[in-house]
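Undergrad: Right, I'll just put the structure down here and ask away after.
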Amino acid sequence: MRESSDSPEGTTPGGAAGRVQSGIPRLDYILKGGFFHGGTYTVMGPPGSGKTILGNQFCFNLASTGAGACVYLTLLVESYDKMLRHLESLRFYKPEHVSERIVYVSGYPALKTGGADGLLALIRGTLDEHKPVIFVIDGMESLRQFADGEQKVKEFVHELQAYTAMTGCTTLLMSFKDPSYAYTENAVVDGIIELSDTLVGPRAVRELTVHKFRGGDYLRGRHEVEITDRGIVIHPRTEIQFDKPPEQATEQRIRMAFGVKEFDKMLFGGLPSGSATALLGAPGAGKTMLGLSFLVEGARQGQKGVYFGFYEPPPRLIEKAAQINIPLEKYVESGQVELLWQPPLEHMLDSLAEQLLEKIRETDEPRRRLFVDGIEGFRAASVYPDRMPRFLSAFCNQLRMSDVTALITEELPLFRPDIDMPNPELANVVETVVLLRYVELRSQLHRLISVMKMRESQYDTSIREFKITDAGVEVAASFESAEAILTGLARTSPGGEGRA
């Protein structure tokens with residue numbers, strides 16, 4: 001699918017079409033193979049966006065493979081010794097590579113005394129001596145301070161590009177993004193990569209955008225960026241990664257039961273394998289318990305399952321399941337069911353999708369089950385809400401391609417008589433929609449369950465009463481009890497508000 005390893009394995013200067021891979025998780029995937037040998041690329045962005053980390057990470061990853069030398073030239077006033085001290089906390093940093101495989105050079109004195117021509121002479125001498133595979137210039141904004149206008153900057157980059165292309169050295173030009181600069185050199189470089197660090201409401205968001213990549217295709221648009229102890233980690237947009245999905249799997253589909261006798265009868269045996277189902281309901285309607293029944297029934301049949309939730313940590317989930325006779329703990333301990341809990345932090349949408357899809361792909365066993373408890377957790381992680389329809393479509397399609405039968409809950413408002421889905425697009429991308437709702441009758445709350453739609457399959461359209469007892473999840477054998485509740489005796493709650 002894409003790079004998923006944190007290690008720089010496979011980071012060689014070779015590769016298809018003369019590429020050099022950065023080893024930065026998923027950057028090479030966005031560039032569809034990595035940078036070109038001998039290419040010159042501008043990496044621009046504001047302070048704190050990760051330019052210096054990206055350049056050093058590239059060099060250390062390459063040095064770890066022993067594929068060649070790297071030269072890192074800084075035009076910043078601060079010494080590179082201080083920069084290296086800041087890198088010591090990052091996992092890619094290996095002090096043994098410094099001076100041996102990665103040569104750090106300060107270009108500021110040559111630039112200050114000799115201008116652009118003096119700097120170019122220093123660069124030529126350094127590259128002739130070390131013959132690097134990668135050359136990084138950090139602090140291109142300093143060049144502008146000493147160069148005689150934008151034309152001189154463009155000429156400098158043109159001469160540098162001609163020299164490094166001849167030697168096959170791939171060059172990164174790290175530049176501060178300033179709206180007052182014309183960036184005329186961007187017309188001659190082979191690629192432009194922008195790192196941004198902006199506020200979206202109260203949230204700080206880092207992103208990467210490839211604006212230009214001469215000679216090759218790439219994934220367009222903005223992609224999430226994290227800076228962790230691994231360095232730069234990039235998460236390509238889910239919907240563009242899978243914009244051309246493979247054909248639908250053609251293997252024989254089977255029914256995936258919930259282990260709830262009467263509900264399975266309503267579904268004519270269960271959900272079709274490799275399908276996605278939306279389970280709608282207000283808080284406390286029983287969505288989580290029904291979803292856990294689905295996973296445990298699969299485990300009984302030898303099918304692996306994954307719980308992916310945002311609300312309750314695993315110990316509490318296991319305890320609640322045990323209270324209604326769902327032996328979740330047994331199958332968690334045996335490894336048949338895995339519980340993945342997302343603490344209530346600021347998540348990133350594509351990072352969540354990657355985590356889940358990669359966990360699923362750890363095993364190629366057929367007929368796997370997935371229970372996503374709270375699609376609103378994905379919605380909250382989205383910086384751009386208008387992405388959700390495309391994201392959900394791509395995400396669900398990848399689950400189908402992996403022969404995963406997915407059950408996804410959607411929280412409905414507690415005190416609303418009508419059904420108003422926060423993500424109406426979810427109903428369009430799933431094959432099945434199941435509704436759990438409350439009805440109040442004579443000061444008692446009753447739960448009802450119904451199948452709203454089920455594509456390409458038979459199902460029972462009746463509304464049934466739904467109960468959660470000490471013995472487990474139960475669905476009435478007929479519609480009669482639900483009919484009694486829904487006859488003229490059903491009423492709204494005080495204040496004119498009903499329960500959906």
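Letters A, B, ... mark the chains of the structure tokens in the order given; residue numbers begin at 1 per chain; ligand numbers begin at 1, in order shown.
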So that I can check the secondary structure, give me every residue of range 440-487 of chain A assigned strand (DSSP E or B) by backbone DSSP, as a PyMOL selection string.

TA: chain A and resi 440-441+444-454+464-469+472-475

Undergrad: Would you mind listing what lies within 12 Å of Asn325 in chain A as number ranges by chain, with only C-alpha atoms counted and same-chain residues fewer than 5 positions away left out?

TA: A: 289, 292-293, 296, 318-320, 330, 468-474

Undergrad: Take the residues from that selection and write them out as a short mmCIF file (atom, residue, chain, number, x, y, z; two decimals), in the first residue's frame, keeping N, CA and C atoms.

TA:
```cif
data_model
loop_
_atom_site.label_atom_id
_atom_site.label_comp_id
_atom_site.auth_asym_id
_atom_site.auth_seq_id
_atom_site.Cartn_x
_atom_site.Cartn_y
_atom_site.Cartn_z
N MET A 289 -22.61 -2.63 23.04
CA MET A 289 -22.83 -4.02 23.43
C MET A 289 -23.15 -4.90 22.22
N LEU A 292 -19.84 -5.44 20.41
CA LEU A 292 -18.98 -6.42 21.07
C LEU A 292 -19.52 -7.84 20.86
N SER A 293 -20.84 -8.00 20.82
CA SER A 293 -21.41 -9.31 20.51
C SER A 293 -20.97 -9.77 19.12
N VAL A 296 -17.30 -10.95 19.43
CA VAL A 296 -17.17 -12.20 20.19
C VAL A 296 -17.74 -13.37 19.40
N ILE A 318 -14.08 -4.43 28.94
CA ILE A 318 -14.14 -5.85 29.31
C ILE A 318 -15.08 -6.06 30.49
N GLU A 319 -15.03 -5.15 31.46
CA GLU A 319 -15.89 -5.26 32.65
C GLU A 319 -17.36 -5.13 32.27
N LYS A 320 -17.69 -4.15 31.42
CA LYS A 320 -19.07 -3.95 31.00
C LYS A 320 -19.60 -5.15 30.21
N LYS A 330 -12.01 -13.30 27.54
CA LYS A 330 -11.48 -14.60 27.10
C LYS A 330 -10.84 -14.51 25.72
N ILE A 468 -31.19 -5.38 26.75
CA ILE A 468 -29.88 -5.74 27.27
C ILE A 468 -30.09 -6.21 28.70
N THR A 469 -29.81 -7.49 28.94
CA THR A 469 -30.06 -8.10 30.24
C THR A 469 -28.79 -8.73 30.78
N ASP A 470 -28.88 -9.28 31.99
CA ASP A 470 -27.72 -9.98 32.56
C ASP A 470 -27.32 -11.18 31.71
N ALA A 471 -28.26 -11.71 30.94
CA ALA A 471 -27.98 -12.88 30.11
C ALA A 471 -27.40 -12.49 28.76
N GLY A 472 -27.37 -11.20 28.45
CA GLY A 472 -26.81 -10.78 27.18
C GLY A 472 -27.76 -9.89 26.39
N VAL A 473 -27.49 -9.77 25.10
CA VAL A 473 -28.31 -8.96 24.21
C VAL A 473 -29.44 -9.83 23.67
N GLU A 474 -30.67 -9.31 23.73
CA GLU A 474 -31.82 -10.09 23.26
C GLU A 474 -32.67 -9.25 22.32
#
```

Undergrad: Can you tell me, as a ChimeraX atom specification, what residues are no more than 7 Å from Thr42 in chain A when counting only C-alpha atoms, ignoring any on the same chain fewer than 4 positions away?

TA: /A:172-174,189,191-193

Undergrad: Could you write out that same residue set with N, CA and C atoms as a PDB file, in the first residue's frame?

TA:
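In the end it all went to result.pdb:
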```pdb
ATOM      1  N   LEU A 172      18.863  19.667  -1.650  1.00  0.00           N
ATOM      2  CA  LEU A 172      17.706  20.279  -1.006  1.00  0.00           C
ATOM      3  C   LEU A 172      18.085  21.691  -0.577  1.00  0.00           C
ATOM      4  N   LEU A 173      17.275  22.668  -0.973  1.00  0.00           N
ATOM      5  CA  LEU A 173      17.485  24.062  -0.597  1.00  0.00           C
ATOM      6  C   LEU A 173      16.425  24.443   0.428  1.00  0.00           C
ATOM      7  N   MET A 174      16.818  24.577   1.681  1.00  0.00           N
ATOM      8  CA  MET A 174      15.883  24.901   2.751  1.00  0.00           C
ATOM      9  C   MET A 174      15.703  26.412   2.825  1.00  0.00           C
ATOM     10  N   VAL A 189      14.271  25.211 -10.294  1.00  0.00           N
ATOM     11  CA  VAL A 189      14.476  23.984  -9.516  1.00  0.00           C
ATOM     12  C   VAL A 189      13.578  22.869 -10.045  1.00  0.00           C
ATOM     13  N   GLY A 191      11.836  20.725  -8.136  1.00  0.00           N
ATOM     14  CA  GLY A 191      10.654  20.469  -7.306  1.00  0.00           C
ATOM     15  C   GLY A 191      10.528  21.471  -6.178  1.00  0.00           C
ATOM     16  N   ILE A 192       9.299  21.654  -5.714  1.00  0.00           N
ATOM     17  CA  ILE A 192       9.029  22.575  -4.607  1.00  0.00           C
ATOM     18  C   ILE A 192       8.152  21.847  -3.597  1.00  0.00           C
ATOM     19  N   ILE A 193       8.637  21.760  -2.374  1.00  0.00           N
ATOM     20  CA  ILE A 193       7.893  21.135  -1.283  1.00  0.00           C
ATOM     21  C   ILE A 193       7.697  22.180  -0.201  1.00  0.00           C
TER      22      ILE A 193
END
```

Undergrad: Any chance you could list, as a ChimeraX atom specification, the residues in range 204-287 of chain A that come up alpha helix (DSSP H) when DSSP is run on the backbone?

TA: /A:238-241,261-266,287

Undergrad: Pull N, CA and C atoms from the residues just selected and write them as a PDB file, in the first residue's frame.

TA:
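File written: selection-v5.pdb
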```
ATOM      1  N   THR A 238      -6.109  10.039   2.979  1.00  0.00           N
ATOM      2  CA  THR A 238      -6.653   8.712   2.723  1.00  0.00           C
ATOM      3  C   THR A 238      -7.355   8.638   1.383  1.00  0.00           C
ATOM      4  N   GLU A 239      -8.156   9.661   1.065  1.00  0.00           N
ATOM      5  CA  GLU A 239      -8.959   9.613  -0.151  1.00  0.00           C
ATOM      6  C   GLU A 239      -8.133   9.726  -1.419  1.00  0.00           C
ATOM      7  N   ILE A 240      -6.919  10.311  -1.346  1.00  0.00           N
ATOM      8  CA  ILE A 240      -6.096  10.387  -2.546  1.00  0.00           C
ATOM      9  C   ILE A 240      -5.185   9.170  -2.666  1.00  0.00           C
ATOM     10  N   GLN A 241      -4.886   8.537  -1.533  1.00  0.00           N
ATOM     11  CA  GLN A 241      -4.116   7.289  -1.603  1.00  0.00           C
ATOM     12  C   GLN A 241      -4.899   6.209  -2.335  1.00  0.00           C
ATOM     13  N   LYS A 261     -29.695 -14.436  18.410  1.00  0.00           N
ATOM     14  CA  LYS A 261     -30.494 -15.353  17.595  1.00  0.00           C
ATOM     15  C   LYS A 261     -31.533 -14.659  16.719  1.00  0.00           C
ATOM     16  N   GLU A 262     -32.415 -13.895  17.299  1.00  0.00           N
ATOM     17  CA  GLU A 262     -33.520 -13.316  16.526  1.00  0.00           C
ATOM     18  C   GLU A 262     -33.051 -12.193  15.599  1.00  0.00           C
ATOM     19  N   PHE A 263     -32.010 -11.471  16.015  1.00  0.00           N
ATOM     20  CA  PHE A 263     -31.480 -10.428  15.139  1.00  0.00           C
ATOM     21  C   PHE A 263     -30.800 -11.049  13.927  1.00  0.00           C
ATOM     22  N   ASP A 264     -30.074 -12.143  14.127  1.00  0.00           N
ATOM     23  CA  ASP A 264     -29.454 -12.844  12.996  1.00  0.00           C
ATOM     24  C   ASP A 264     -30.517 -13.351  12.022  1.00  0.00           C
ATOM     25  N   LYS A 265     -31.672 -13.753  12.572  1.00  0.00           N
ATOM     26  CA  LYS A 265     -32.762 -14.170  11.689  1.00  0.00           C
ATOM     27  C   LYS A 265     -33.259 -12.987  10.846  1.00  0.00           C
ATOM     28  N   MET A 266     -33.339 -11.816  11.460  1.00  0.00           N
ATOM     29  CA  MET A 266     -33.764 -10.617  10.723  1.00  0.00           C
ATOM     30  C   MET A 266     -32.804 -10.325   9.559  1.00  0.00           C
ATOM     31  N   LYS A 287     -25.442   0.317  21.296  1.00  0.00           N
ATOM     32  CA  LYS A 287     -24.577   0.149  20.125  1.00  0.00           C
ATOM     33  C   LYS A 287     -23.300  -0.611  20.478  1.00  0.00           C
TER      34      LYS A 287
END
```

Undergrad: Would you list the contacts of Ala165 in chain A as a list of chain:residue names, taking every protein, DNA or RNA residue within 8 Å and counting only C-alpha atoms, but skipping same-chain residues closer than 6 positions in sequence?

TA: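 Contacts, with the query itself left out: A:His37, A:Gly38, A:Gly39, A:Thr40.
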
Undergrad: With N, CA and C atoms retained, export the selected residues as a PDB file, in the first residue's frame.

TA:
```pdb
ATOM      1  N   HIS A  37      17.861  11.441  -8.758  1.00  0.00           N
ATOM      2  CA  HIS A  37      19.299  11.684  -8.675  1.00  0.00           C
ATOM      3  C   HIS A  37      19.669  12.938  -9.445  1.00  0.00           C
ATOM      4  N   GLY A  38      20.454  13.795  -8.815  1.00  0.00           N
ATOM      5  CA  GLY A  38      20.912  15.007  -9.482  1.00  0.00           C
ATOM      6  C   GLY A  38      19.897  16.121  -9.493  1.00  0.00           C
ATOM      7  N   GLY A  39      18.713  15.898  -8.907  1.00  0.00           N
ATOM      8  CA  GLY A  39      17.675  16.929  -8.878  1.00  0.00           C
ATOM      9  C   GLY A  39      17.926  17.961  -7.792  1.00  0.00           C
ATOM     10  N   THR A  40      17.398  19.161  -7.985  1.00  0.00           N
ATOM     11  CA  THR A  40      17.495  20.234  -7.000  1.00  0.00           C
ATOM     12  C   THR A  40      16.084  20.617  -6.568  1.00  0.00           C
TER      13      THR A  40
END
```

Undergrad: Skip Glu338 in chain A itself and residues of its chain fewer than 3 positions away, then list as number ranges by chain all residues within 9 Å of it, counting only C-alpha atoms.

TA: A: 304-308, 331-333, 335

Undergrad: Could those selected residues go to a file with C-alpha atoms, as an mmCIF file, in the first residue's frame?

TA:
```
data_model
loop_
_atom_site.group_PDB
_atom_site.id
_atom_site.type_symbol
_atom_site.label_atom_id
_atom_site.label_comp_id
_atom_site.auth_asym_id
_atom_site.auth_seq_id
_atom_site.Cartn_x
_atom_site.Cartn_y
_atom_site.Cartn_z
ATOM 1 C CA LYS A 304 -10.147 -12.384 14.213
ATOM 2 C CA GLY A 305 -11.658 -9.093 15.300
ATOM 3 C CA VAL A 306 -10.503 -5.562 16.099
ATOM 4 C CA TYR A 307 -12.252 -3.037 18.335
ATOM 5 C CA PHE A 308 -11.345 0.588 17.526
ATOM 6 C CA TYR A 331 -11.001 -13.762 23.432
ATOM 7 C CA VAL A 332 -8.833 -10.720 24.123
ATOM 8 C CA GLU A 333 -6.453 -12.902 26.141
ATOM 9 C CA GLY A 335 -5.587 -12.857 20.752
#
```

Undergrad: For range 374-382 of chain A, work out the shell of residues within 10 Å, counting only C-alpha atoms and skipping chain neighbours fewer than 4 positions away, then give it as a VMD selection string.

TA: chain A and resid 278 to 280 287 to 288 308 to 311 342 344 to 353 386 to 388 391 to 392 408 to 411 422 to 423 426

Undergrad: Those residues with N, CA and C atoms, as a tab-separated table (two decimals), in the first residue's frame please?

TA:
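Here's the written file again18.tsv:
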```tsv
chain	number	residue	atom	x	y	z
A	278	ALA	N	-23.57	0.65	9.13
A	278	ALA	CA	-23.71	1.76	10.07
A	278	ALA	C	-24.72	1.37	11.15
A	279	LEU	N	-24.31	1.48	12.40
A	279	LEU	CA	-25.17	1.18	13.54
A	279	LEU	C	-25.51	2.51	14.22
A	280	LEU	N	-26.74	2.96	14.03
A	280	LEU	CA	-27.16	4.27	14.51
A	280	LEU	C	-27.91	4.16	15.83
A	287	LYS	N	-25.44	0.32	21.30
A	287	LYS	CA	-24.58	0.15	20.13
A	287	LYS	C	-23.30	-0.61	20.48
A	288	THR	N	-22.66	-0.21	21.56
A	288	THR	CA	-21.38	-0.84	21.93
A	288	THR	C	-21.57	-2.31	22.28
A	308	PHE	N	-12.02	-0.70	17.67
A	308	PHE	CA	-11.34	0.59	17.53
A	308	PHE	C	-12.28	1.65	18.08
A	309	GLY	N	-11.97	2.15	19.29
A	309	GLY	CA	-12.90	3.04	19.95
A	309	GLY	C	-12.25	4.27	20.54
A	310	PHE	N	-13.07	5.24	20.90
A	310	PHE	CA	-12.59	6.53	21.39
A	310	PHE	C	-13.07	6.85	22.80
A	311	TYR	N	-13.92	6.03	23.39
A	311	TYR	CA	-14.59	6.43	24.62
A	311	TYR	C	-14.11	5.66	25.85
A	342	GLN	N	-8.35	4.87	21.59
A	342	GLN	CA	-7.74	6.17	21.31
A	342	GLN	C	-8.02	7.11	22.47
A	344	PRO	N	-8.53	10.44	24.71
A	344	PRO	CA	-9.17	11.69	24.27
A	344	PRO	C	-8.17	12.82	24.08
A	345	LEU	N	-7.38	12.72	23.01
A	345	LEU	CA	-6.38	13.73	22.68
A	345	LEU	C	-6.72	14.30	21.31
A	346	GLU	N	-5.88	15.23	20.83
A	346	GLU	CA	-6.05	15.75	19.48
A	346	GLU	C	-5.48	14.73	18.49
A	347	HIS	N	-6.34	14.07	17.77
A	347	HIS	CA	-5.90	13.09	16.79
A	347	HIS	C	-5.83	13.71	15.41
A	348	MET	N	-5.19	12.98	14.49
A	348	MET	CA	-5.13	13.38	13.09
A	348	MET	C	-5.88	12.34	12.28
A	349	LEU	N	-6.73	12.80	11.39
A	349	LEU	CA	-7.64	11.93	10.67
A	349	LEU	C	-6.91	10.82	9.92
A	350	ASP	N	-5.95	11.19	9.10
A	350	ASP	CA	-5.27	10.18	8.27
A	350	ASP	C	-4.35	9.29	9.09
A	351	SER	N	-3.83	9.82	10.18
A	351	SER	CA	-3.03	8.99	11.08
A	351	SER	C	-3.88	7.89	11.71
A	352	LEU	N	-5.11	8.23	12.12
A	352	LEU	CA	-6.02	7.22	12.67
A	352	LEU	C	-6.33	6.14	11.63
A	353	ALA	N	-6.62	6.57	10.39
A	353	ALA	CA	-6.94	5.60	9.34
A	353	ALA	C	-5.75	4.70	9.06
A	386	ASP	N	-15.26	19.12	5.33
A	386	ASP	CA	-15.80	18.76	4.01
A	386	ASP	C	-15.07	17.58	3.39
A	387	ARG	N	-14.01	17.10	4.03
A	387	ARG	CA	-13.31	15.90	3.55
A	387	ARG	C	-14.06	14.62	3.88
A	388	MET	N	-14.96	14.65	4.87
A	388	MET	CA	-15.52	13.42	5.40
A	388	MET	C	-16.20	12.53	4.37
A	391	PHE	N	-13.40	10.84	2.45
A	391	PHE	CA	-12.63	10.01	3.37
A	391	PHE	C	-13.36	8.72	3.68
A	392	LEU	N	-14.64	8.82	4.06
A	392	LEU	CA	-15.41	7.64	4.43
A	392	LEU	C	-15.55	6.67	3.26
A	408	ILE	N	-19.82	0.09	12.12
A	408	ILE	CA	-19.41	1.45	12.49
A	408	ILE	C	-20.57	2.15	13.18
A	409	THR	N	-20.36	2.63	14.39
A	409	THR	CA	-21.45	3.29	15.11
A	409	THR	C	-21.47	4.78	14.80
A	410	GLU	N	-22.67	5.33	14.82
A	410	GLU	CA	-22.90	6.76	14.63
A	410	GLU	C	-23.83	7.23	15.74
A	411	GLU	N	-23.38	8.22	16.51
A	411	GLU	CA	-24.15	8.72	17.64
A	411	GLU	C	-25.25	9.65	17.16
A	422	PRO	N	-25.38	13.06	11.91
A	422	PRO	CA	-24.31	14.05	11.80
A	422	PRO	C	-23.46	13.84	10.53
A	423	ASN	N	-23.34	12.58	10.12
A	423	ASN	CA	-22.61	12.24	8.90
A	423	ASN	C	-23.56	11.53	7.94
A	426	LEU	N	-22.37	8.77	5.60
A	426	LEU	CA	-22.07	7.42	6.05
A	426	LEU	C	-23.12	6.44	5.54
```

Undergrad: Considering only C-alpha atoms, state which residue in the set A:Arg442, A:Lys212, A:Pro46, A:Tyr41 is at the smallest distance from Gln161 in chain A.

TA: A:Tyr41

Undergrad: Which residues, written as a PyMOL selection string, have at least one atom at most 9 Å from Val153 in chain A, with only C-alpha atoms counted and residues fewer than 3 positions away on the same chain left out?

TA: chain A and resi 116+143-144+147-150+156-158+183-185

Undergrad: Could you check which of A:Ala162, A:Leu399, A:Ala299, A:Ala182 is closest to Ala276 in chain A, using only C-alpha atoms?

TA: A:Leu399
